[in-house]
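Trainee: Data file target_27.cif (mmCIF, C-alpha atoms and all ligand atoms) is appended below.
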```
data_data
#
loop_
_atom_site.group_PDB
_atom_site.id
_atom_site.type_symbol
_atom_site.label_atom_id
_atom_site.label_comp_id
_atom_site.auth_asym_id
_atom_site.auth_seq_id
_atom_site.Cartn_x
_atom_site.Cartn_y
_atom_site.Cartn_z
ATOM 1 C CA MET Q 708 -32.867 39.392 -12.557
ATOM 2 C CA THR Q 709 -36.500 38.279 -12.926
ATOM 3 C CA THR Q 710 -38.637 36.839 -10.146
ATOM 4 C CA ASP Q 711 -40.990 34.703 -12.264
ATOM 5 C CA ALA Q 712 -38.585 31.890 -13.105
ATOM 6 C CA THR Q 713 -39.913 29.027 -15.216
ATOM 7 C CA GLU Q 714 -38.572 25.496 -15.346
ATOM 8 C CA THR Q 715 -36.036 26.390 -18.012
ATOM 9 C CA SER Q 716 -35.542 30.125 -17.570
ATOM 10 C CA VAL Q 717 -34.115 29.639 -14.085
ATOM 11 C CA THR Q 718 -31.372 27.449 -15.538
ATOM 12 C CA ASP Q 719 -30.415 30.074 -18.132
ATOM 13 C CA GLU Q 720 -30.494 32.763 -15.493
ATOM 14 C CA VAL Q 721 -28.143 30.884 -13.167
ATOM 15 C CA VAL Q 722 -25.807 30.076 -16.057
ATOM 16 C CA ARG Q 723 -25.771 33.786 -17.009
ATOM 17 C CA SER Q 724 -24.888 34.661 -13.413
ATOM 18 C CA LEU Q 725 -21.699 32.590 -13.771
ATOM 19 C CA ARG Q 726 -20.380 34.543 -16.775
ATOM 20 C CA GLY Q 727 -18.170 36.712 -14.588
ATOM 21 C CA THR Q 728 -16.255 33.735 -13.142
ATOM 22 C CA ALA Q 729 -12.633 34.703 -13.730
ATOM 23 C CA ASP Q 730 -11.260 31.156 -13.989
ATOM 24 C CA PRO Q 731 -12.547 29.741 -17.313
ATOM 25 C CA ARG Q 732 -12.312 26.112 -16.169
ATOM 26 C CA LEU Q 733 -14.269 26.889 -12.995
ATOM 27 C CA ARG Q 734 -16.909 28.609 -15.153
ATOM 28 C CA GLU Q 735 -17.118 25.536 -17.411
ATOM 29 C CA LEU Q 736 -17.447 23.145 -14.462
ATOM 30 C CA LEU Q 737 -20.058 25.204 -12.623
ATOM 31 C CA THR Q 738 -22.079 25.782 -15.794
ATOM 32 C CA GLY Q 739 -22.108 22.051 -16.548
ATOM 33 C CA LEU Q 740 -23.000 21.238 -12.961
ATOM 34 C CA VAL Q 741 -25.937 23.664 -12.902
ATOM 35 C CA ARG Q 742 -27.255 22.464 -16.268
ATOM 36 C CA HIS Q 743 -27.074 18.778 -15.294
ATOM 37 C CA LEU Q 744 -28.459 19.286 -11.775
ATOM 38 C CA HIS Q 745 -31.383 21.278 -13.131
ATOM 39 C CA ALA Q 746 -32.043 18.701 -15.855
ATOM 40 C CA PHE Q 747 -32.029 15.990 -13.165
ATOM 41 C CA ALA Q 748 -34.625 17.885 -11.095
ATOM 42 C CA ARG Q 749 -36.831 18.429 -14.163
ATOM 43 C CA GLU Q 750 -36.524 14.853 -15.444
ATOM 44 C CA THR Q 751 -37.243 13.155 -12.118
ATOM 45 C CA ARG Q 752 -39.843 15.775 -11.029
ATOM 46 C CA LEU Q 753 -37.854 16.073 -7.781
ATOM 47 C CA THR Q 754 -40.162 17.151 -4.940
ATOM 48 C CA PRO Q 755 -39.266 19.681 -2.213
ATOM 49 C CA LYS Q 756 -39.601 16.898 0.414
ATOM 50 C CA GLU Q 757 -37.203 14.658 -1.537
ATOM 51 C CA TRP Q 758 -34.687 17.484 -1.919
ATOM 52 C CA GLU Q 759 -34.949 18.205 1.805
ATOM 53 C CA ARG Q 760 -34.154 14.543 2.472
ATOM 54 C CA ALA Q 761 -31.223 14.641 0.067
ATOM 55 C CA VAL Q 762 -29.839 17.748 1.809
ATOM 56 C CA ALA Q 763 -30.181 15.977 5.176
ATOM 57 C CA PHE Q 764 -28.287 13.004 3.689
ATOM 58 C CA LEU Q 765 -25.465 15.242 2.384
ATOM 59 C CA THR Q 766 -25.339 17.073 5.717
ATOM 60 C CA ALA Q 767 -24.989 13.740 7.556
ATOM 61 C CA THR Q 768 -22.284 12.711 5.071
ATOM 62 C CA GLY Q 769 -20.269 15.842 5.912
ATOM 63 C CA GLN Q 770 -20.849 15.408 9.634
ATOM 64 C CA THR Q 771 -19.530 11.838 9.456
ATOM 65 C CA CYS Q 772 -16.140 13.034 8.120
ATOM 66 C CA THR Q 773 -13.292 13.258 10.632
ATOM 67 C CA GLY Q 774 -9.513 13.367 10.393
ATOM 68 C CA THR Q 775 -9.522 9.606 9.787
ATOM 69 C CA ARG Q 776 -12.835 9.097 8.006
ATOM 70 C CA GLN Q 777 -13.800 10.483 4.595
ATOM 71 C CA GLU Q 778 -17.466 9.749 3.966
ATOM 72 C CA PHE Q 779 -17.646 12.007 0.884
ATOM 73 C CA ILE Q 780 -14.941 10.006 -0.914
ATOM 74 C CA LEU Q 781 -16.859 6.868 0.034
ATOM 75 C CA LEU Q 782 -20.053 8.342 -1.416
ATOM 76 C CA SER Q 783 -18.269 9.240 -4.646
ATOM 77 C CA ASP Q 784 -16.853 5.685 -4.722
ATOM 78 C CA VAL Q 785 -20.145 3.812 -4.262
ATOM 79 C CA LEU Q 786 -21.811 6.010 -6.883
ATOM 80 C CA GLY Q 787 -19.085 5.035 -9.364
ATOM 81 C CA LEU Q 788 -18.053 8.672 -9.786
ATOM 82 C CA SER Q 789 -14.498 8.162 -8.513
ATOM 83 C CA MET Q 790 -14.001 5.335 -10.996
ATOM 84 C CA LEU Q 791 -15.570 7.337 -13.828
ATOM 85 C CA VAL Q 792 -13.238 10.280 -13.182
ATOM 86 C CA GLU Q 793 -10.268 7.859 -13.177
ATOM 87 C CA THR Q 794 -11.460 6.307 -16.431
ATOM 88 C CA VAL Q 795 -12.054 9.645 -18.166
ATOM 89 C CA HIS Q 796 -8.386 10.490 -17.522
ATOM 90 C CA GLY Q 797 -7.003 6.972 -17.446
ATOM 91 C CA ASP Q 798 -5.585 6.744 -20.986
ATOM 92 C CA ARG Q 799 -2.155 5.176 -20.699
ATOM 93 C CA ALA Q 800 0.540 3.889 -23.018
ATOM 94 C CA ALA Q 801 0.005 0.225 -23.948
ATOM 95 C CA GLY Q 802 1.368 -1.960 -21.162
ATOM 96 C CA ALA Q 803 1.437 0.794 -18.547
ATOM 97 C CA THR Q 804 -0.161 -0.142 -15.217
ATOM 98 C CA GLU Q 805 -3.746 1.053 -15.113
ATOM 99 C CA SER Q 806 -5.040 3.351 -12.412
ATOM 100 C CA THR Q 807 -7.951 2.813 -10.076
ATOM 101 C CA VAL Q 808 -9.567 4.645 -7.176
ATOM 102 C CA LEU Q 809 -7.554 6.142 -4.317
ATOM 103 C CA GLY Q 810 -10.199 5.260 -1.707
ATOM 104 C CA PRO Q 811 -10.672 6.994 1.649
ATOM 105 C CA PHE Q 812 -7.900 5.277 3.626
ATOM 106 C CA HIS Q 813 -4.812 6.945 2.179
ATOM 107 C CA MET Q 814 -4.968 9.597 4.810
ATOM 108 C CA THR Q 815 -1.779 9.181 6.774
ATOM 109 C CA GLN Q 816 1.840 9.431 5.737
ATOM 110 C CA SER Q 817 3.115 5.889 5.157
ATOM 111 C CA PRO Q 818 6.203 5.084 7.250
ATOM 112 C CA VAL Q 819 9.475 4.865 5.338
ATOM 113 C CA ARG Q 820 10.588 1.224 5.185
ATOM 114 C CA ALA Q 821 13.565 -0.657 3.742
ATOM 115 C CA LEU Q 822 13.145 -3.148 0.897
ATOM 116 C CA GLY Q 823 12.256 -6.549 2.336
ATOM 117 C CA ASP Q 824 10.651 -5.078 5.480
ATOM 118 C CA SER Q 825 7.269 -6.231 6.695
ATOM 119 C CA ILE Q 826 4.318 -3.872 6.689
ATOM 120 C CA ASP Q 827 2.397 -6.323 8.905
ATOM 121 C CA LEU Q 828 3.238 -5.155 12.417
ATOM 122 C CA VAL Q 829 0.644 -7.370 14.124
ATOM 123 C CA GLY Q 830 0.938 -10.807 12.503
ATOM 124 C CA GLY Q 831 -1.616 -13.560 12.477
ATOM 125 C CA GLY Q 832 -2.479 -13.417 8.780
ATOM 126 C CA GLU Q 833 -1.233 -15.661 5.966
ATOM 127 C CA PRO Q 834 2.428 -14.716 5.306
ATOM 128 C CA CYS Q 835 3.041 -13.206 1.935
ATOM 129 C CA VAL Q 836 5.854 -11.672 -0.119
ATOM 130 C CA VAL Q 837 5.154 -9.045 -2.758
ATOM 131 C CA SER Q 838 7.926 -8.321 -5.227
ATOM 132 C CA GLY Q 839 8.594 -7.011 -8.684
ATOM 133 C CA ARG Q 840 10.085 -4.163 -10.624
ATOM 134 C CA VAL Q 841 9.087 -0.626 -11.380
ATOM 135 C CA ARG Q 842 9.687 -0.099 -15.107
ATOM 136 C CA SER Q 843 9.157 2.538 -17.717
ATOM 137 C CA GLU Q 844 6.827 1.822 -20.633
ATOM 138 C CA ASP Q 845 9.849 0.841 -22.802
ATOM 139 C CA GLY Q 846 10.957 -1.749 -20.214
ATOM 140 C CA ALA Q 847 13.778 0.312 -18.672
ATOM 141 C CA PRO Q 848 13.991 -0.192 -14.889
ATOM 142 C CA LEU Q 849 13.296 2.851 -12.740
ATOM 143 C CA PRO Q 850 15.827 2.945 -9.892
ATOM 144 C CA GLY Q 851 14.715 5.192 -7.048
ATOM 145 C CA ALA Q 852 11.026 4.884 -7.942
ATOM 146 C CA VAL Q 853 8.932 5.355 -4.799
ATOM 147 C CA LEU Q 854 6.063 3.047 -3.864
ATOM 148 C CA ASP Q 855 3.504 4.099 -1.301
ATOM 149 C CA VAL Q 856 1.717 0.924 -0.201
ATOM 150 C CA TRP Q 857 -1.303 0.429 2.060
ATOM 151 C CA GLN Q 858 -3.657 -2.424 2.810
ATOM 152 C CA ALA Q 859 -6.218 -3.703 5.295
ATOM 153 C CA ASP Q 860 -5.159 -6.406 7.748
ATOM 154 C CA GLY Q 861 -6.143 -10.083 7.494
ATOM 155 C CA GLU Q 862 -9.469 -9.222 9.152
ATOM 156 C CA GLY Q 863 -10.278 -6.476 6.662
ATOM 157 C CA PHE Q 864 -9.546 -3.340 8.677
ATOM 158 C CA TYR Q 865 -7.129 -0.455 8.094
ATOM 159 C CA ASP Q 866 -4.992 0.800 10.997
ATOM 160 C CA VAL Q 867 -7.072 3.993 11.283
ATOM 161 C CA GLN Q 868 -10.241 1.927 11.760
ATOM 162 C CA ARG Q 869 -8.832 -0.127 14.617
ATOM 163 C CA PRO Q 870 -6.443 2.101 16.593
ATOM 164 C CA ASP Q 871 -6.920 -0.112 19.673
ATOM 165 C CA THR Q 872 -5.600 -3.273 17.973
ATOM 166 C CA GLN Q 873 -3.362 -1.917 15.188
ATOM 167 C CA PRO Q 874 -0.424 0.471 15.689
ATOM 168 C CA PRO Q 875 -0.372 3.527 13.401
ATOM 169 C CA GLY Q 876 1.324 2.596 10.123
ATOM 170 C CA ASN Q 877 0.265 -1.042 10.242
ATOM 171 C CA GLY Q 878 -0.268 -2.236 6.692
ATOM 172 C CA ARG Q 879 1.526 0.811 5.263
ATOM 173 C CA GLY Q 880 4.979 1.437 3.856
ATOM 174 C CA LEU Q 881 6.933 3.851 1.705
ATOM 175 C CA PHE Q 882 9.549 1.919 -0.301
ATOM 176 C CA THR Q 883 12.269 3.070 -2.681
ATOM 177 C CA ALA Q 884 13.129 0.728 -5.550
ATOM 178 C CA ASP Q 885 16.771 -0.431 -5.788
ATOM 179 C CA ALA Q 886 19.287 0.242 -8.576
ATOM 180 C CA GLU Q 887 17.470 -2.230 -10.872
ATOM 181 C CA GLY Q 888 14.025 -0.825 -10.059
ATOM 182 C CA ARG Q 889 13.223 -3.828 -7.864
ATOM 183 C CA PHE Q 890 10.942 -3.743 -4.845
ATOM 184 C CA ARG Q 891 10.029 -6.334 -2.251
ATOM 185 C CA PHE Q 892 8.108 -6.349 1.016
ATOM 186 C CA ARG Q 893 6.518 -8.802 3.414
ATOM 187 C CA THR Q 894 2.921 -8.636 4.500
ATOM 188 C CA CYS Q 895 -0.126 -10.827 5.103
ATOM 189 C CA VAL Q 896 -2.507 -11.796 2.321
ATOM 190 C CA PRO Q 897 -5.251 -9.175 2.341
ATOM 191 C CA SER Q 898 -8.828 -10.377 2.636
ATOM 192 C CA PRO Q 899 -12.004 -8.989 1.068
ATOM 193 C CA TYR Q 900 -13.633 -6.463 3.363
ATOM 194 C CA PRO Q 901 -16.756 -4.367 3.671
ATOM 195 C CA ILE Q 902 -16.439 -0.625 3.237
ATOM 196 C CA PRO Q 903 -17.693 1.229 6.337
ATOM 197 C CA THR Q 904 -21.483 0.893 6.577
ATOM 198 C CA ASP Q 905 -22.161 2.634 9.896
ATOM 199 C CA GLY Q 906 -22.692 6.025 8.227
ATOM 200 C CA PRO Q 907 -24.881 7.557 5.506
ATOM 201 C CA VAL Q 908 -23.187 5.519 2.746
ATOM 202 C CA GLY Q 909 -24.186 2.329 4.573
ATOM 203 C CA THR Q 910 -27.770 3.622 4.726
ATOM 204 C CA LEU Q 911 -27.645 4.190 0.964
ATOM 205 C CA LEU Q 912 -26.283 0.679 0.301
ATOM 206 C CA ARG Q 913 -28.995 -0.917 2.431
ATOM 207 C CA ALA Q 914 -31.735 1.139 0.752
ATOM 208 C CA THR Q 915 -30.515 -0.085 -2.639
ATOM 209 C CA GLY Q 916 -30.007 -3.722 -1.624
ATOM 210 C CA ARG Q 917 -26.279 -3.590 -2.408
ATOM 211 C CA HIS Q 918 -23.534 -5.450 -0.559
ATOM 212 C CA PRO Q 919 -20.587 -3.425 0.818
ATOM 213 C CA TYR Q 920 -17.706 -5.766 -0.060
ATOM 214 C CA ARG Q 921 -14.476 -5.066 -1.891
ATOM 215 C CA PRO Q 922 -12.340 -7.897 -3.298
ATOM 216 C CA ALA Q 923 -8.957 -8.440 -1.604
ATOM 217 C CA HIS Q 924 -6.365 -5.903 -2.766
ATOM 218 C CA ILE Q 925 -3.228 -3.923 -1.938
ATOM 219 C CA HIS Q 926 -3.037 -0.200 -2.782
ATOM 220 C CA PHE Q 927 -0.054 1.411 -4.522
ATOM 221 C CA ILE Q 928 0.933 4.885 -5.557
ATOM 222 C CA ALA Q 929 4.044 4.584 -7.738
ATOM 223 C CA THR Q 930 6.116 7.653 -8.627
ATOM 224 C CA ALA Q 931 9.366 8.051 -10.541
ATOM 225 C CA ASP Q 932 11.207 10.991 -12.073
ATOM 226 C CA GLY Q 933 10.076 11.826 -15.585
ATOM 227 C CA HIS Q 934 7.010 9.592 -15.311
ATOM 228 C CA THR Q 935 3.308 10.038 -14.581
ATOM 229 C CA PRO Q 936 2.486 8.705 -11.109
ATOM 230 C CA VAL Q 937 -0.061 5.909 -10.945
ATOM 231 C CA THR Q 938 -2.571 5.306 -8.152
ATOM 232 C CA THR Q 939 -3.715 1.733 -8.340
ATOM 233 C CA HIS Q 940 -4.439 -1.561 -6.572
ATOM 234 C CA ILE Q 941 -3.304 -5.119 -7.110
ATOM 235 C CA PHE Q 942 -6.241 -7.499 -6.633
ATOM 236 C CA VAL Q 943 -5.768 -11.056 -5.367
ATOM 237 C CA ALA Q 944 -6.748 -13.552 -8.099
ATOM 238 C CA GLY Q 945 -9.601 -15.801 -6.977
ATOM 239 C CA SER Q 946 -10.833 -13.362 -4.329
ATOM 240 C CA ASP Q 947 -14.557 -13.130 -3.644
ATOM 241 C CA HIS Q 948 -16.304 -10.043 -5.045
ATOM 242 C CA LEU Q 949 -13.969 -9.484 -8.012
ATOM 243 C CA ASP Q 950 -17.159 -9.372 -10.104
ATOM 244 C CA SER Q 951 -19.135 -7.087 -7.815
ATOM 245 C CA ASP Q 952 -16.758 -4.610 -6.157
ATOM 246 C CA ALA Q 953 -18.844 -2.156 -4.095
ATOM 247 C CA VAL Q 954 -16.859 0.722 -5.623
ATOM 248 C CA PHE Q 955 -16.591 -0.600 -9.240
ATOM 249 C CA ALA Q 956 -12.779 -0.369 -9.191
ATOM 250 C CA VAL Q 957 -11.630 -3.748 -10.594
ATOM 251 C CA LYS Q 958 -9.735 -3.830 -13.896
ATOM 252 C CA LYS Q 959 -8.768 -7.276 -15.104
ATOM 253 C CA ASN Q 960 -5.131 -6.322 -15.754
ATOM 254 C CA LEU Q 961 -4.782 -5.481 -12.070
ATOM 255 C CA VAL Q 962 -5.672 -8.998 -10.888
ATOM 256 C CA GLN Q 963 -2.521 -10.943 -9.915
ATOM 257 C CA ASP Q 964 -1.793 -14.448 -8.660
ATOM 258 C CA PHE Q 965 -0.654 -14.786 -5.063
ATOM 259 C CA ASP Q 966 0.843 -18.255 -5.512
ATOM 260 C CA VAL Q 967 1.131 -20.708 -2.644
ATOM 261 C CA THR Q 968 4.897 -21.268 -2.499
ATOM 262 C CA ASP Q 969 6.511 -24.190 -0.719
ATOM 263 C CA ASP Q 970 10.222 -23.415 -0.911
ATOM 264 C CA PRO Q 971 12.108 -23.440 2.420
ATOM 265 C CA ALA Q 972 15.256 -21.837 0.923
ATOM 266 C CA LEU Q 973 13.282 -18.970 -0.619
ATOM 267 C CA ALA Q 974 11.252 -18.569 2.573
ATOM 268 C CA ARG Q 975 14.539 -18.261 4.515
ATOM 269 C CA GLU Q 976 15.898 -15.735 2.031
ATOM 270 C CA PHE Q 977 12.730 -13.630 2.335
ATOM 271 C CA GLY Q 978 12.405 -14.065 6.105
ATOM 272 C CA VAL Q 979 8.938 -15.624 6.070
ATOM 273 C CA PRO Q 980 7.615 -18.966 7.357
ATOM 274 C CA ASN Q 981 7.283 -21.728 4.786
ATOM 275 C CA PRO Q 982 4.935 -22.172 2.939
ATOM 276 C CA PHE Q 983 3.987 -18.625 2.012
ATOM 277 C CA ARG Q 984 2.158 -16.767 -0.725
ATOM 278 C CA LEU Q 985 4.170 -14.985 -3.394
ATOM 279 C CA ALA Q 986 2.898 -12.210 -5.655
ATOM 280 C CA ARG Q 987 5.257 -11.072 -8.401
ATOM 281 C CA PHE Q 988 4.343 -8.301 -10.801
ATOM 282 C CA ASP Q 989 5.830 -5.208 -12.373
ATOM 283 C CA LEU Q 990 4.496 -1.706 -12.079
ATOM 284 C CA VAL Q 991 4.900 0.100 -15.387
ATOM 285 C CA LEU Q 992 4.878 3.882 -15.550
ATOM 286 C CA GLU Q 993 4.228 6.094 -18.539
ATOM 287 C CA ARG Q 994 6.853 8.666 -19.457
ATOM 288 C CA THR Q 995 5.651 12.235 -19.039
ATOM 289 C CA ALA Q 996 5.246 13.892 -22.408
HETATM 290 C C1 LIG Q 1001 -10.279 1.064 -0.233
HETATM 291 O O1 LIG Q 1001 -9.952 0.181 -0.978
HETATM 292 O O2 LIG Q 1001 -9.545 1.374 0.675
HETATM 293 C C2 LIG Q 1001 -11.605 1.703 -0.435
HETATM 294 C C3 LIG Q 1001 -11.895 2.233 -1.680
HETATM 295 C C4 LIG Q 1001 -13.134 2.824 -1.866
HETATM 296 C C5 LIG Q 1001 -14.040 2.862 -0.824
HETATM 297 C C6 LIG Q 1001 -13.733 2.301 0.401
HETATM 298 C C7 LIG Q 1001 -12.497 1.701 0.595
HETATM 299 FE FE FE Q 1002 -8.612 -0.786 0.238
#
```
As structure tokens, how would this structure be written, given the file I've shared?
Mentor:
Amino acid sequence: MTTDATETSVTDEVVRSLRGTADPRLRELLTGLVRHLHAFARETRLTPKEWERAVAFLTATGQTCTGTRQEFILLSDVLGLSMLVETVHGDRAAGATESTVLGPFHMTQSPVRALGDSIDLVGGGEPCVVSGRVRSEDGAPLPGAVLDVWQADGEGFYDVQRPDTQPPGNGRGLFTADAEGRFRFRTCVPSPYPIPTDGPVGTLLRATGRHPYRPAHIHFIATADGHTPVTTHIFVAGSDHLDSDAVFAVKKNLVQDFDVTDDPALAREFGVPNPFRLARFDLVLERTA
């Protein structure tokens, strides 16, 4: 251990100090982190005052987290890191549904619901039916596949953000596909919404002149035996902000039509007022190797 560290010797010294890390993957990650962080400080000529400010920002980010608010995930999202990590590991079989970010609002257990149920416990939004099949990459239906679904209400808020106006579990549901892999649920058409801006991430967005909006979407985590789970969204075709998602999470294959449907018989069958919006798409899972 020397005391006269130079700009580069301190990096080597810290990296050497990690050699005893028993877990080889942890050693690799920490070594990479130290090398890149140090290179960042050298390249940008980071000043002690700036670093102090950054530490205050990270401290505020941690202090903003609660049981129902995850400001660190939000920070990772707006910096594009969540999407990059997804993309680095997002290779899928051709035709398999692509993944996208989890986001900070999948924090409560979704209530178990029957196929055809509504996840909109409040009402007031544009009625909508979402249906399709869960399939394997070769087209085979996946009976018993489980879909965890969550979305913001028609005003752009998740249940955990508005506990005074939304009951817990509003906009959420855990569905099990039928014997043909089919799923169906009722909801309201989601609207674009701003990510929370009343914390440090909002300060960052304002400082960089960025808007906080996400295009309208519904979240899914689909799981089935023998298949790799997928965490994804379905985006509403034509929504504002599809080209400038605040968290960089749009993939064009995930954009689906929510067709205006004027069909009284179908509306009766589905238990929704006529006309209604209908989104039909399949979720396709990759077989585990
Ligand atoms: C969401 O879609 O729930 C979300 C994703 C990333 C950041 C904020 C919200
Ligand atoms: Fe969302």
Trainee: Show which residues sit within 10 Å of range 835-839 of chain Q, as a VMD selection string. Count only C-alpha atoms, and ignore same-chain residues fewer than 6 positions away.
Mentor: chain Q and resid 822 to 825 827 884 888 to 897 925 965 to 968 974 977 to 990
Trainee: How close does chain Q get to ligand FE 1002 (chain Q)? List, as a Markdown table, each residue of chain Q within 9 Å, its nearest atom pair and the distance in Å to one decimal, counting all atoms listed in the file.
Mentor:
```
| residue | atom | partner | partner_atom | distance |
| --- | --- | --- | --- | --- |
| Q:Leu809 | CA | Q:FE1002 | FE | 8.4 |
| Q:Gly810 | CA | Q:FE1002 | FE | 6.5 |
| Q:Pro811 | CA | Q:FE1002 | FE | 8.2 |
| Q:Phe812 | CA | Q:FE1002 | FE | 7.0 |
| Q:His813 | CA | Q:FE1002 | FE | 8.8 |
| Q:Trp857 | CA | Q:FE1002 | FE | 7.6 |
| Q:Gln858 | CA | Q:FE1002 | FE | 5.8 |
| Q:Ala859 | CA | Q:FE1002 | FE | 6.3 |
| Q:Gly863 | CA | Q:FE1002 | FE | 8.7 |
| Q:Phe864 | CA | Q:FE1002 | FE | 8.9 |
| Q:Tyr865 | CA | Q:FE1002 | FE | 8.0 |
| Q:Pro899 | CA | Q:FE1002 | FE | 8.9 |
| Q:Tyr900 | CA | Q:FE1002 | FE | 8.2 |
| Q:Ile902 | CA | Q:FE1002 | FE | 8.4 |
| Q:Arg921 | CA | Q:FE1002 | FE | 7.6 |
| Q:Pro922 | CA | Q:FE1002 | FE | 8.8 |
| Q:Ala923 | CA | Q:FE1002 | FE | 7.9 |
| Q:His924 | CA | Q:FE1002 | FE | 6.3 |
| Q:Ile925 | CA | Q:FE1002 | FE | 6.6 |
| Q:His926 | CA | Q:FE1002 | FE | 6.4 |
| Q:His940 | CA | Q:FE1002 | FE | 8.0 |
```
Trainee: Using the chain letters and numbers from the file, give me the residues hit by the PyMOL selection byres (((chain Q and resi 992) around 6) and not hetatm), as a ChimeraX atom specification.
Mentor: /Q:803,843-844,991,993
Trainee: Suppose a student applies the PyMOL selection byres (((chain Q and resi 954) around 6) and not hetatm) to this structure; what residues should they get, written as a list in words?
Mentor: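 This file, filtered by the PyMOL selection byres (((chain Q and resi 954) around 6) and not hetatm), leaves Asp784, Val785, Asp952, Ala953, Phe955 and Ala956 of chain Q.
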Trainee: How far is it from CA of Asp964 in chain Q to CA of Glu833 in chain Q, in Å with one decimal?
Mentor: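 Between these atoms lies a distance of 14.7 Å.
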Trainee: Pick out the residues sitting within 7 Å of Phe927 in chain Q, and hand them over as a list of chain:residue names; count only C-alpha atoms, and ignore anything fewer than 5 positions along from it in its own chain.
Mentor: Q:Leu854, Q:Asp855, Q:Val856, Q:Trp857, Q:Thr938, Q:Thr939, Q:His940
Trainee: What does the distance between CA of Pro874 in chain Q and CA of Tyr920 in chain Q come to in Å, to one decimal place?
Mentor: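 Calculated distance between CA of Pro874 in chain Q and CA of Tyr920 in chain Q is 24.2 Å.
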Trainee: Hey, can you check how far CA of His934 in chain Q sits from CA of Glu793 in chain Q?
Mentor: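 That distance, rounded to one decimal, is 17.5 Å.
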Trainee: Please list, as a list in words, the residues that have an atom at most 9 Å away from (-1.2, -7.4, 10.6) in the coordinates of this file, counting all atoms listed in the file.
Mentor: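 Output of the proximity query reads Ile826, Asp827, Leu828, Val829, Gly830, Gly831, Gly832, Ala859, Asp860, Gly861, Glu862, Gln873, Asn877, Gly878, Thr894 and Cys895 of chain Q.
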Trainee: What does the file look like for those residues with C-alpha atoms, as a PDB file, in the frame of the given file?
Mentor:
```
ATOM      1  CA  ILE Q 826       4.318  -3.872   6.689  1.00  0.00           C
ATOM      2  CA  ASP Q 827       2.397  -6.323   8.905  1.00  0.00           C
ATOM      3  CA  LEU Q 828       3.238  -5.155  12.417  1.00  0.00           C
ATOM      4  CA  VAL Q 829       0.644  -7.370  14.124  1.00  0.00           C
ATOM      5  CA  GLY Q 830       0.938 -10.807  12.503  1.00  0.00           C
ATOM      6  CA  GLY Q 831      -1.616 -13.560  12.477  1.00  0.00           C
ATOM      7  CA  GLY Q 832      -2.479 -13.417   8.780  1.00  0.00           C
ATOM      8  CA  ALA Q 859      -6.218  -3.703   5.295  1.00  0.00           C
ATOM      9  CA  ASP Q 860      -5.159  -6.406   7.748  1.00  0.00           C
ATOM     10  CA  GLY Q 861      -6.143 -10.083   7.494  1.00  0.00           C
ATOM     11  CA  GLU Q 862      -9.469  -9.222   9.152  1.00  0.00           C
ATOM     12  CA  GLN Q 873      -3.362  -1.917  15.188  1.00  0.00           C
ATOM     13  CA  ASN Q 877       0.265  -1.042  10.242  1.00  0.00           C
ATOM     14  CA  GLY Q 878      -0.268  -2.236   6.692  1.00  0.00           C
ATOM     15  CA  THR Q 894       2.921  -8.636   4.500  1.00  0.00           C
ATOM     16  CA  CYS Q 895      -0.126 -10.827   5.103  1.00  0.00           C
TER      17      CYS Q 895
END
```
Trainee: Could you tell me which of Q:Leu791, Q:Ile780, Q:Glu887, Q:Val937 comes closest to ligand LIG 1001 (chain Q) if we count all atoms listed in the file?
Mentor: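 When distances to ligand LIG 1001 (chain Q) are compared using all atoms listed in the file, the smallest one comes from Q:Ile780.
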Trainee: Apply the PyMOL selection byres (((chain Q and resi 944) around 7) and not hetatm) to the displayed file and report the matching residues as a VMD selection string.
Mentor: chain Q and resid 942 to 943 945 to 946 962 to 965
Trainee: Using all atoms listed in the file, can you tell me which of Q:Leu737, Q:Val867, Q:Val819, Q:Val808 comes closest to ligand LIG 1001 (chain Q)?
Mentor: Q:Val808
Trainee: When distances are computed from only C-alpha atoms and all ligand atoms, which of Q:Thr804, Q:Thr872, Q:Thr910, Q:Ser789 shows the smallest separation from ligand LIG 1001 (chain Q)?
Mentor: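 When distances to ligand LIG 1001 (chain Q) are compared using only C-alpha atoms and all ligand atoms, the smallest one comes from Q:Ser789.
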